[in-house]
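Reproduced below: coords_2.txt, with compact mmCIF, C-alpha atoms and all ligand atoms.
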```
# COMPACT_ATOMS: atom_id res chain seq x y z
CA MET A 1 0.00 0.00 0.00
CA SER A 2 1.41 3.41 -0.96
CA PRO A 3 2.14 5.91 1.86
CA LEU A 4 -0.48 8.27 0.39
CA VAL A 5 -3.21 5.60 0.43
CA GLU A 6 -2.28 4.91 4.04
CA ILE A 7 -2.52 8.64 4.92
CA ILE A 8 -5.97 8.95 3.30
CA ARG A 9 -7.21 5.77 5.00
CA ARG A 10 -6.09 7.15 8.35
CA LYS A 11 -7.95 10.41 7.71
CA ILE A 12 -11.12 8.48 6.86
CA ALA A 13 -10.72 6.42 10.04
CA GLU A 14 -10.38 9.65 12.06
CA HIS A 15 -13.11 11.74 10.41
CA GLY A 16 -15.53 9.21 8.93
CA VAL A 17 -16.42 10.23 5.39
CA LEU A 18 -13.78 12.62 4.01
CA SER A 19 -14.99 15.48 1.83
CA PHE A 20 -13.85 15.03 -1.76
CA ALA A 21 -12.01 18.37 -1.54
CA ARG A 22 -9.82 16.95 1.24
CA PHE A 23 -9.25 13.77 -0.76
CA MET A 24 -8.25 15.79 -3.84
CA GLU A 25 -5.96 18.03 -1.82
CA GLN A 26 -4.12 14.98 -0.48
CA ALA A 27 -4.06 13.18 -3.83
CA LEU A 28 -2.49 16.16 -5.60
CA TYR A 29 -0.46 17.97 -2.96
CA CYS A 30 0.32 15.69 0.01
CA PRO A 31 3.99 16.46 0.80
CA ASN A 32 6.30 13.79 -0.66
CA SER A 33 3.54 11.68 -2.19
CA GLY A 34 0.86 13.84 -3.89
CA TYR A 35 0.65 13.79 -7.68
CA TYR A 36 2.29 17.21 -8.19
CA GLU A 37 4.95 16.37 -5.59
CA VAL A 38 6.23 13.17 -7.08
CA LYS A 39 5.49 13.76 -10.72
CA LYS A 40 8.55 13.59 -12.95
CA ASP A 41 8.67 16.19 -15.68
CA SER A 42 8.89 14.80 -19.15
CA PRO A 43 10.20 17.34 -21.65
CA GLY A 44 7.69 18.44 -24.27
CA ARG A 45 4.68 16.93 -22.57
CA ARG A 46 3.28 17.42 -19.13
CA GLY A 47 3.05 13.72 -18.37
CA ASP A 48 -0.61 12.89 -18.30
CA PHE A 49 -1.87 15.53 -20.67
CA TYR A 50 -0.83 18.19 -23.10
CA THR A 51 -0.85 21.92 -22.27
CA SER A 52 -0.34 25.13 -24.23
CA VAL A 53 3.15 25.28 -22.77
CA SER A 54 4.01 21.87 -24.15
CA ALA A 55 2.91 23.00 -27.64
CA GLY A 56 6.19 24.95 -27.82
CA GLU A 57 7.73 28.28 -26.90
CA LEU A 58 5.31 30.37 -29.02
CA PHE A 59 2.70 30.41 -26.26
CA GLY A 60 5.10 32.07 -23.79
CA GLN A 61 6.39 34.41 -26.50
CA LEU A 62 2.88 35.61 -27.35
CA LEU A 63 2.13 36.17 -23.68
CA ALA A 64 5.43 38.04 -23.29
CA PHE A 65 4.53 40.29 -26.24
CA GLN A 66 1.14 41.10 -24.67
CA PHE A 67 2.56 41.55 -21.16
CA ALA A 68 5.17 43.98 -22.52
CA ALA A 69 2.39 46.14 -23.99
CA TRP A 70 0.57 46.16 -20.65
CA LEU A 71 3.76 46.97 -18.76
CA ASP A 72 4.51 49.82 -21.18
CA GLU A 73 1.10 51.20 -20.34
CA LEU A 74 1.93 51.10 -16.61
CA MET A 75 5.09 53.12 -17.29
CA THR A 76 2.95 56.00 -18.58
CA PHE A 77 1.42 56.55 -15.13
CA LYS A 78 2.79 59.25 -12.86
CA PRO A 79 4.66 58.74 -10.64
CA GLN A 80 6.37 56.19 -12.87
CA PRO A 81 6.96 52.86 -11.06
CA SER A 82 10.67 52.10 -10.51
CA THR A 83 10.10 48.34 -10.85
CA LEU A 84 7.42 46.26 -12.48
CA ASN A 85 6.27 42.79 -11.69
CA LEU A 86 5.32 39.72 -13.65
CA CYS A 87 3.92 37.21 -11.23
CA GLU A 88 3.18 33.66 -12.32
CA ALA A 89 1.34 31.23 -10.08
CA GLY A 90 1.62 27.47 -10.41
CA ALA A 91 4.65 27.57 -12.72
CA HIS A 92 5.00 23.77 -12.63
CA ASP A 93 8.40 23.06 -14.26
CA GLY A 94 9.24 26.73 -14.96
CA ARG A 95 9.14 26.34 -18.71
CA LEU A 96 6.54 29.02 -19.38
CA ALA A 97 8.52 31.44 -17.21
CA ALA A 98 11.68 30.64 -19.18
CA ASP A 99 9.91 31.23 -22.53
CA ILE A 100 8.55 34.58 -21.33
CA LEU A 101 11.80 35.80 -19.76
CA LYS A 102 13.86 34.76 -22.76
CA TRP A 103 11.63 36.66 -25.18
CA LEU A 104 11.61 39.79 -23.00
CA GLN A 105 15.37 39.74 -22.62
CA ALA A 106 15.89 39.39 -26.37
CA HIS A 107 13.22 41.81 -27.61
CA ARG A 108 12.58 44.25 -24.77
CA PRO A 109 15.89 44.53 -22.84
CA GLU A 110 15.08 47.99 -21.44
CA LEU A 111 11.76 46.76 -20.04
CA SER A 112 13.39 43.55 -18.88
CA ALA A 113 15.83 45.56 -16.77
CA LEU A 114 12.91 47.02 -14.79
CA LEU A 115 11.27 43.68 -14.23
CA GLU A 116 11.06 41.31 -11.35
CA TYR A 117 9.52 37.88 -12.03
CA CYS A 118 7.76 36.39 -9.00
CA ILE A 119 6.56 32.82 -8.80
CA ILE A 120 3.88 31.77 -6.34
CA GLU A 121 4.39 28.07 -5.69
CA PRO A 122 3.47 26.33 -2.41
CA SER A 123 5.41 23.15 -3.14
CA ALA A 124 9.09 23.26 -2.08
CA ARG A 125 9.87 20.47 -4.55
CA ARG A 126 8.24 22.33 -7.42
CA GLN A 127 10.18 25.46 -6.46
CA GLU A 128 13.43 23.47 -6.68
CA CYS A 129 12.49 22.19 -10.12
CA GLN A 130 11.58 25.72 -11.28
CA LYS A 131 14.87 27.10 -9.91
CA ALA A 132 16.78 24.54 -11.96
CA THR A 133 14.93 25.51 -15.16
CA LEU A 134 15.37 29.23 -14.49
CA LYS A 135 18.99 29.27 -13.30
CA ASN A 136 20.00 31.58 -16.16
CA PHE A 137 17.51 34.19 -14.97
CA ALA A 138 18.40 33.74 -11.30
CA PRO A 139 18.73 37.28 -9.93
CA ARG A 140 15.52 38.40 -11.57
CA VAL A 141 13.24 35.66 -10.20
CA ARG A 142 11.84 35.37 -6.67
CA TRP A 143 9.73 32.63 -5.14
CA PHE A 144 6.90 32.82 -2.62
CA SER A 145 4.79 29.98 -1.34
CA ASN A 146 1.68 32.19 -1.22
CA PHE A 147 0.64 35.82 -1.43
CA SER A 148 0.89 36.40 2.31
CA GLY A 149 4.61 35.46 2.15
CA TRP A 150 4.99 38.34 -0.28
CA VAL A 151 3.83 40.98 2.18
CA GLY A 152 6.26 42.42 4.71
CA ARG A 153 8.50 39.41 5.41
CA ASP A 154 11.17 39.84 2.77
CA SER A 155 13.60 42.75 2.78
CA VAL A 156 12.03 44.43 -0.23
CA GLU A 157 8.44 43.76 -1.15
CA PRO A 158 7.88 43.07 -4.85
CA SER A 159 6.19 45.80 -6.84
CA ARG A 160 2.41 45.63 -6.91
CA HIS A 161 2.32 47.13 -10.39
CA GLY A 162 2.32 44.57 -13.16
CA VAL A 163 0.62 41.39 -14.28
CA ILE A 164 -0.39 38.42 -12.13
CA PHE A 165 -1.16 35.38 -14.25
CA SER A 166 -1.60 31.63 -14.30
CA ASN A 167 -2.04 28.90 -16.85
CA GLU A 168 -3.97 25.82 -15.78
CA LEU A 169 -3.76 26.62 -12.10
CA LEU A 170 -7.36 27.02 -10.98
CA ASP A 171 -8.48 23.70 -12.51
CA ALA A 172 -5.98 21.97 -10.22
CA MET A 173 -7.44 23.37 -7.00
CA PRO A 174 -9.46 21.05 -4.76
CA VAL A 175 -13.19 21.06 -5.48
CA HIS A 176 -16.20 20.16 -3.36
CA ARG A 177 -18.55 17.84 -5.17
CA PHE A 178 -22.31 18.12 -4.61
CA GLY A 179 -25.33 16.12 -5.66
CA TRP A 180 -28.93 17.30 -5.87
CA ASP A 181 -31.56 15.44 -3.87
CA ALA A 182 -34.68 16.23 -5.89
CA LYS A 183 -37.11 14.64 -3.42
CA ASN A 184 -35.94 16.74 -0.50
CA GLN A 185 -34.96 19.69 -2.70
CA GLU A 186 -31.52 19.97 -1.13
CA TRP A 187 -27.87 19.53 -1.98
CA PHE A 188 -25.70 16.90 -0.34
CA GLU A 189 -21.93 16.77 -0.43
CA TRP A 190 -20.13 13.78 -1.89
CA GLY A 191 -17.26 12.45 0.18
CA VAL A 192 -14.95 9.48 0.19
CA ALA A 193 -15.21 6.37 2.39
CA LEU A 194 -13.46 3.04 2.51
CA GLU A 195 -15.08 -0.25 1.47
CA GLY A 196 -12.69 -3.15 1.94
CA ASP A 197 -9.53 -1.93 0.20
CA GLN A 198 -11.29 0.49 -2.13
CA PHE A 199 -12.07 4.18 -1.83
CA VAL A 200 -15.76 4.66 -2.63
CA TRP A 201 -18.16 7.58 -2.91
CA ALA A 202 -20.31 8.23 0.15
CA ARG A 203 -22.55 11.08 1.23
CA CYS A 204 -21.02 13.38 3.82
CA SER A 205 -23.19 13.32 6.90
CA GLY A 206 -25.12 16.44 7.90
CA SER A 207 -27.63 17.79 5.47
CA LEU A 208 -27.11 21.14 3.86
CA ALA A 209 -29.49 24.04 4.04
CA PRO A 210 -32.15 23.96 1.37
CA GLN A 211 -31.96 26.60 -1.31
CA GLY A 212 -32.67 29.98 0.29
CA GLY A 213 -32.83 28.46 3.79
CA GLY A 214 -30.74 29.74 6.67
CA ARG A 215 -29.74 26.49 8.36
CA ALA A 216 -26.06 25.68 8.17
CA GLY A 217 -25.05 22.07 7.51
CA ALA A 218 -24.17 20.04 10.57
CA ARG A 219 -20.58 19.74 9.37
CA GLY A 220 -20.22 23.37 8.43
CA THR A 221 -20.03 22.65 4.71
CA PHE A 222 -22.93 24.96 3.93
CA GLU A 223 -20.70 27.83 2.85
CA ASN A 224 -19.21 25.74 0.02
CA SER A 225 -22.51 24.41 -1.28
CA PRO A 226 -24.08 25.35 -4.60
CA SER A 227 -26.90 27.08 -2.67
CA SER A 228 -24.59 29.73 -1.35
CA ILE A 229 -22.39 29.98 -4.43
CA PHE A 230 -24.75 29.94 -7.40
CA HIS A 231 -27.96 31.65 -6.14
CA LEU A 232 -30.05 29.36 -8.27
CA PRO A 233 -33.64 30.32 -9.04
CA SER A 234 -36.29 27.97 -7.67
CA SER A 235 -37.62 27.47 -11.23
CA LEU A 236 -34.31 25.78 -12.13
CA LEU A 237 -34.15 23.69 -8.96
CA LYS A 238 -37.65 22.32 -9.60
CA VAL A 239 -36.46 20.74 -12.85
CA LEU A 240 -32.95 19.74 -11.81
CA PRO A 241 -32.77 15.93 -12.11
CA ASP A 242 -32.18 13.83 -9.02
CA GLY A 243 -28.45 13.17 -8.59
CA TYR A 244 -27.45 16.16 -10.72
CA THR A 245 -23.79 16.71 -9.82
CA ILE A 246 -21.74 19.87 -9.73
CA GLU A 247 -18.48 21.03 -8.19
CA THR A 248 -17.70 24.21 -6.29
CA CYS A 249 -14.19 25.54 -5.79
CA PRO A 250 -13.94 28.05 -2.95
CA ALA A 251 -10.13 27.58 -3.04
CA ALA A 252 -9.99 29.07 -6.56
CA GLU A 253 -12.24 32.01 -5.65
CA ASN A 254 -10.21 32.74 -2.52
CA TRP A 255 -6.99 32.54 -4.48
CA TRP A 256 -8.35 35.03 -7.02
CA ARG A 257 -9.39 37.43 -4.22
CA GLU A 258 -5.90 37.22 -2.69
CA ALA A 259 -4.31 37.98 -6.06
CA ALA A 260 -6.71 40.89 -6.58
CA ALA A 261 -5.79 42.30 -3.17
CA ILE A 262 -2.08 42.25 -4.06
CA LEU A 263 -2.57 44.00 -7.39
CA GLU A 264 -2.40 47.76 -6.99
CA ARG A 265 -2.28 48.56 -10.69
CA GLY A 266 -2.22 46.22 -13.67
CA ARG A 267 -3.88 43.02 -14.79
CA LEU A 268 -4.91 39.69 -13.37
CA LEU A 269 -5.18 36.97 -15.99
CA THR A 270 -5.91 33.28 -16.01
CA ILE A 271 -6.02 30.75 -18.82
CA ASP A 272 -7.80 27.50 -18.24
CA TYR A 273 -10.55 25.26 -19.46
CA GLY A 274 -13.83 26.13 -17.89
CA LEU A 275 -17.42 27.19 -18.21
CA THR A 276 -19.84 29.87 -17.12
CA ASN A 277 -22.77 29.20 -14.78
CA ASP A 278 -25.18 28.99 -17.70
CA GLU A 279 -23.01 26.44 -19.46
CA LEU A 280 -22.54 24.38 -16.28
CA PHE A 281 -26.25 24.13 -15.54
CA SER A 282 -27.13 22.38 -18.78
CA PRO A 283 -28.56 18.87 -19.29
CA GLY A 284 -25.32 17.68 -20.93
CA ARG A 285 -23.37 18.43 -17.75
CA ALA A 286 -25.53 16.51 -15.30
CA ARG A 287 -22.56 14.50 -13.99
CA GLY A 288 -20.24 17.40 -13.26
CA THR A 289 -16.84 18.09 -14.77
CA LEU A 290 -14.49 16.25 -12.44
CA ARG A 291 -12.01 14.02 -14.29
CA ALA A 292 -8.82 12.10 -13.72
CA TYR A 293 -6.02 11.92 -16.27
CA PHE A 294 -3.89 8.83 -16.23
CA ARG A 295 -1.23 8.26 -18.89
CA HIS A 296 -2.84 10.65 -21.39
CA HIS A 297 -6.35 9.24 -20.93
CA ALA A 298 -9.28 10.90 -19.24
CA THR A 299 -11.12 8.66 -16.80
CA ASP A 300 -14.12 9.09 -14.49
CA ASP A 301 -12.50 6.87 -11.87
CA VAL A 302 -11.21 9.78 -9.83
CA LEU A 303 -10.85 7.79 -6.60
CA ALA A 304 -8.46 5.24 -8.10
CA ASN A 305 -4.68 5.40 -7.70
CA PRO A 306 -4.39 8.57 -5.58
CA GLY A 307 -1.08 10.31 -6.27
CA GLU A 308 -0.64 8.59 -9.62
CA GLN A 309 -3.25 10.41 -11.67
CA ASP A 310 -4.03 14.05 -12.20
CA LEU A 311 -7.39 15.28 -10.88
CA THR A 312 -9.07 18.30 -12.36
CA ALA A 313 -12.42 20.05 -12.71
CA HIS A 314 -13.53 22.81 -15.08
CA VAL A 315 -13.08 26.31 -13.74
CA ASN A 316 -16.32 28.16 -13.09
CA PHE A 317 -15.45 31.46 -14.74
CA SER A 318 -18.66 33.16 -13.52
CA THR A 319 -17.70 32.77 -9.88
CA ILE A 320 -14.08 33.79 -10.54
CA GLN A 321 -15.22 36.86 -12.44
CA SER A 322 -17.57 37.89 -9.62
CA ALA A 323 -14.84 37.29 -7.02
CA GLY A 324 -12.56 39.75 -8.85
CA GLU A 325 -15.29 42.31 -9.43
CA GLY A 326 -16.16 42.06 -5.72
CA CYS A 327 -12.56 43.18 -5.04
CA GLY A 328 -12.90 46.21 -7.30
CA LEU A 329 -11.36 44.75 -10.46
CA LYS A 330 -12.84 45.52 -13.84
CA THR A 331 -13.43 42.66 -16.28
CA GLU A 332 -11.70 43.47 -19.56
CA THR A 333 -11.91 40.23 -21.50
CA PHE A 334 -13.47 36.84 -21.23
CA SER A 335 -12.76 34.99 -24.46
CA SER A 336 -11.52 31.77 -25.93
CA GLN A 337 -7.76 31.22 -26.08
CA ALA A 338 -8.08 31.33 -29.89
CA GLN A 339 -9.60 34.82 -29.83
CA PHE A 340 -7.08 36.08 -27.29
CA LEU A 341 -4.00 34.78 -29.12
CA THR A 342 -5.32 35.77 -32.55
CA ARG A 343 -5.71 39.38 -31.42
CA ILE A 344 -2.07 39.33 -30.26
CA ALA A 345 -0.92 37.76 -33.56
CA GLU A 346 -2.79 40.43 -35.55
CA ARG A 347 -0.75 43.12 -33.82
CA ILE A 348 2.45 41.16 -34.48
CA PHE A 349 1.64 40.75 -38.18
CA ARG A 350 1.11 44.50 -38.52
CA ASN A 351 4.60 45.07 -37.12
CA PRO A 352 6.61 41.81 -37.58
CA GLU A 353 10.00 43.15 -36.50
CA SER A 354 8.58 43.83 -33.02
CA PHE A 355 8.29 40.08 -32.41
CA GLY A 356 11.08 38.06 -33.98
CA GLU A 357 10.99 34.93 -36.07
CA TRP A 358 7.61 33.65 -37.30
CA GLY A 359 7.94 30.79 -39.78
CA ALA A 360 6.56 27.30 -40.36
CA LYS A 361 7.36 26.16 -36.82
CA GLN A 362 5.49 29.10 -35.29
CA ASN A 363 2.56 28.52 -37.69
CA ARG A 364 2.30 24.91 -36.52
CA GLN A 365 2.38 25.92 -32.85
CA PHE A 366 -0.13 28.72 -33.43
CA GLN A 367 -2.51 26.26 -35.03
CA THR A 368 -2.29 23.90 -32.06
CA LEU A 369 -2.90 26.78 -29.67
CA THR A 370 -5.87 28.24 -31.54
CA HIS A 371 -7.57 25.45 -33.49
CA PRO A 372 -10.99 24.75 -31.94
CA GLU A 373 -10.34 20.99 -31.93
CA HIS A 374 -6.99 21.44 -30.18
CA LEU A 375 -6.55 24.07 -27.47
CA GLY A 376 -8.30 27.08 -29.03
CA ARG A 377 -11.90 26.66 -27.89
CA ALA A 378 -11.84 24.69 -24.64
CA PHE A 379 -9.27 27.01 -23.10
CA ARG A 380 -10.50 30.42 -22.08
CA VAL A 381 -8.93 33.60 -20.91
CA LEU A 382 -10.21 35.88 -18.17
CA ILE A 383 -8.53 39.27 -17.81
CA GLN A 384 -9.42 41.74 -15.09
CA SER A 385 -7.67 44.99 -14.34
CA ARG A 386 -7.19 47.69 -11.74
C1 LIG A 401 -1.54 22.04 -13.49
S1 LIG A 401 -0.05 22.61 -12.84
C2 LIG A 401 0.24 24.08 -13.73
C3 LIG A 401 0.66 23.88 -15.13
C4 LIG A 401 1.58 24.94 -15.67
N1 LIG A 401 1.19 26.28 -15.30
C5 LIG A 401 1.64 24.82 -17.20
O1 LIG A 401 1.21 25.75 -17.82
O2 LIG A 401 2.09 23.80 -17.69
C6 LIG A 401 -0.51 23.21 -11.29
C7 LIG A 401 0.62 23.87 -10.50
O3 LIG A 401 0.04 24.73 -9.53
C8 LIG A 401 0.72 24.61 -8.30
N2 LIG A 401 -0.20 25.07 -7.25
C9 LIG A 401 -1.14 24.40 -6.59
N3 LIG A 401 -1.80 25.18 -5.70
C10 LIG A 401 -1.26 26.41 -5.84
C11 LIG A 401 -1.51 27.67 -5.22
N4 LIG A 401 -2.42 27.80 -4.26
N5 LIG A 401 -0.75 28.72 -5.59
C12 LIG A 401 0.18 28.60 -6.55
N6 LIG A 401 0.46 27.43 -7.17
C13 LIG A 401 -0.24 26.35 -6.83
C14 LIG A 401 1.12 23.15 -8.30
O4 LIG A 401 2.16 22.85 -7.41
C15 LIG A 401 1.53 22.94 -9.75
O5 LIG A 401 2.86 23.38 -9.94
```
The structure given in the file should be rewritten as structure tokens.
Ligand SMILES: C[S@@+](CC[C@H](N)C(=O)[O-])C[C@H]1O[C@@H](n2cnc3c(N)ncnc32)[C@H](O)[C@@H]1O
Amino acid sequence: MSPLVEIIRRKIAEHGVLSFARFMEQALYCPNSGYYEVKKDSPGRRGDFYTSVSAGELFGQLLAFQFAAWLDELMTFKPQPSTLNLCEAGAHDGRLAADILKWLQAHRPELSALLEYCIIEPSARRQECQKATLKNFAPRVRWFSNFSGWVGRDSVEPSRHGVIFSNELLDAMPVHRFGWDAKNQEWFEWGVALEGDQFVWARCSGSLAPQGGGRAGARGTFENSPSSIFHLPSSLLKVLPDGYTIETCPAAENWWREAAAILERGRLLTIDYGLTNDELFSPGRARGTLRAYFRHHATDDVLANPGEQDLTAHVNFSTIQSAGEGCGLKTETFSSQAQFLTRIAERIFRNPESFGEWGAKQNRQFQTLTHPEHLGRAFRVLIQSR
């Protein structure tokens, strides 16, 4: 039995049914044995599935081109900031950071000289791996395990003027999984129990407050339930099928609020696959969006092999957008990755010498990044600004 399985079994023995969010947190991030802790990086591909970063360096170069334009804009404000910040969260193996920094150094050296690159990464192991990838950019890059580490502790706080961004971060945050009990018109939370040697789905005990009701769940899970997050109209709940399943991700919303609080001036951007509320509450999504990826294949068996498979759920962009707007950010763009990158490429094509080489290799990468059947449609971009 793997040490991680043993840890999860112990938690179930202590707490009874474990919320799925706790299970997912352990499966992905348990020190020394969670998926992102032990995962070996394979060059070109991110192990169990393919990301925009693995398509090649063009993705980072296009982002760098766009970030440079936003940073130029910040330099027009008075008083002019003396340093600017690019802050990436969840940098995984550091490759995207390397692609961005390399392009900026080659094409915008004067801007590069004003820049600090901060990486928010809670995993010490991941930080080590990123430091190895980024050794050539060493003095310019700083690491923090979270946003609170950024404030006050270090000798010089990083600038709060710049761009905070992430690629495929929010989909990797632990989700709560809820089912709809049509008879009782209430949500229940799915958790994980042990049956023999197997992890199995089980309802968390303690019922949740009905829609619009004021009674908190016996286990305090009420605040994470769809009732409190989605404000669903009773007309929808009346027709929601029994067992309808949906995830909520308070961790992603809280993370977005923390990032918004750090940003004094600039942009907050995330790229990920995800849906809006309207798209989530559709008959085709009745089983939720939670998936496991194991050796390049998607599987619904999310409780199998903890630590050996990636677990992920679609980002709910409506809740993320509201979280940012609640912190005073303005939503600038919510679009597909194809639309976002095509707008950048249009500006490059009008002024090709501002970018650098664009030949057959770049065309191939651009197609992978923007084609609707590849990464262009499923991946979306949310940009908010202050
Ligand atoms: C799916 S990977 C990111 C993929 C990578 N950005 C890419 O484009 O290939 C998720 C990463 O987020 C990190 N992570 C998890 N929780 C985080 C948090 N709260 N803040 C920052 N990074 C986090 C993980 O350690 C892991 O490195």
Nearest to ligand LIG 401 (chain A) among A:Glu373, A:Asp310, A:Glu189, A:Asp181, with distances taken over all atoms listed in the file: which residue is it? A:Asp310
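Closest approach to Ser385 in chain A among A:His92, A:Arg126, A:Arg9, A:Arg265 is made by A:Arg265 (distances from only C-alpha atoms).
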Give as a ChimeraX atom specification every residue, naming chains and numbers as the document does, that has an atom within 9 Å of (-36.3, 16.6, -6.0), counting all atoms listed in the file. /A:180-186,237-243
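Take CA of Phe199 in chain A and CA of Gly16 in chain A: the distance between them is 12.4 Å.
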At a cut-off of 9 Å and counting only C-alpha atoms and all ligand atoms, what residues surround ligand LIG 401 (chain A)? Please answer as number ranges by chain. A: 28-29, 36-37, 45-46, 50-54, 88-96, 119-127, 144-147, 166-174, 251-252, 255, 271, 310, 312
As an NGL selection string, please: the residues near range 297-302 of chain A (cut-off 7 Å, only C-alpha atoms, same-chain neighbours under 5 positions excluded). :A and (291-292 or 311)
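Nearest residue to Ala259 in chain A, choosing from A:Thr370, A:Ser227, A:Gln384, A:Thr342 and counting all atoms listed in the file: A:Gln384.
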Of the listed residues A:Trp187, A:Trp150, A:Phe23, A:Tyr117, that which approaches Phe137 in chain A most closely, counting only C-alpha atoms: A:Tyr117
Every residue with an atom at most 12 Å from (2.0, 41.0, -28.3) (file coordinates; all atoms listed in the file) is what I'm after, so could you write them as a ChimeraX atom specification? /A:58-72,100,103-104,107-108,340-356
Residues within 12 Å of Arg377 in chain A, please, as a VMD selection string. Count all atoms listed in the file; anything in the same chain fewer than 5 positions from it doesn't count. chain A and resid 271 to 275 335 to 341 367 to 372
Residue neighbourhood Asn136 in chain A, 12 Å, all atoms listed in the file, exclusion window fewer than 6 positions, as a PDB file with C-alpha atoms, in the frame of the given file:
```pdb
ATOM      1  CA  GLY A  94       9.240  26.730 -14.960  1.00  0.00           C
ATOM      2  CA  ALA A  97       8.520  31.440 -17.210  1.00  0.00           C
ATOM      3  CA  ALA A  98      11.680  30.640 -19.180  1.00  0.00           C
ATOM      4  CA  ASP A  99       9.910  31.230 -22.530  1.00  0.00           C
ATOM      5  CA  LEU A 101      11.800  35.800 -19.760  1.00  0.00           C
ATOM      6  CA  LYS A 102      13.860  34.760 -22.760  1.00  0.00           C
ATOM      7  CA  GLN A 105      15.370  39.740 -22.620  1.00  0.00           C
ATOM      8  CA  GLN A 130      11.580  25.720 -11.280  1.00  0.00           C
TER       9      GLN A 130
END
```
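When CA of Gly328 in chain A is paired with CA of Asn316 in chain A, their separation reads 19.3 Å.
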Could you check how far CA of Pro3 in chain A sits from CA of Ser33 in chain A, in Å to one decimal? 7.2 Å
Using only C-alpha atoms, what table do you get, as JSON lines, when you list each residue of range 18-74 of chain A with an atom no more than 6 Å from range 306-309 of chain A, its nearest pair of atoms, and their distance in Å rounded to one decimal, rows by chain then rising number?
```
{"residue": "A:Ala27", "atom": "CA", "partner": "A:Gly307", "partner_atom": "CA", "distance": 4.8}
{"residue": "A:Gly34", "atom": "CA", "partner": "A:Gly307", "partner_atom": "CA", "distance": 4.7}
{"residue": "A:Tyr35", "atom": "CA", "partner": "A:Gly307", "partner_atom": "CA", "distance": 4.1}
```
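Proximity ranking of A:Val163, A:Lys11, A:His314, A:Gly179 relative to Trp201 in chain A places A:Gly179 first, based on only C-alpha atoms.
Across A:Thr248, A:Leu86, A:Glu253, A:Gln362, the tightest approach to Gly56 in chain A is made by A:Gln362 when counting only C-alpha atoms.
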What's around Leu269 in chain A at 6 Å? Count only C-alpha atoms, leave out sequence neighbours fewer than 2 positions away in its own chain, and write the answer as a PyMOL selection string. chain A and resi 165+382-383
Close residues, Gly288 in chain A itself excluded, 9 Å, all atoms listed in the file, min 4 positions apart in chain, as a short mmCIF file (atom, residue, chain, number, x, y, z; two decimals) with C-alpha atoms, in the coordinates of the input:
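Output file part_4.cif is given in full below:
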```
data_model
loop_
_atom_site.label_atom_id
_atom_site.label_comp_id
_atom_site.auth_asym_id
_atom_site.auth_seq_id
_atom_site.Cartn_x
_atom_site.Cartn_y
_atom_site.Cartn_z
CA ARG A 177 -18.55 17.84 -5.17
CA PHE A 178 -22.31 18.12 -4.61
CA TYR A 244 -27.45 16.16 -10.72
CA THR A 245 -23.79 16.71 -9.82
CA ILE A 246 -21.74 19.87 -9.73
CA GLU A 247 -18.48 21.03 -8.19
CA LEU A 280 -22.54 24.38 -16.28
CA ALA A 313 -12.42 20.05 -12.71
CA HIS A 314 -13.53 22.81 -15.08
#
```
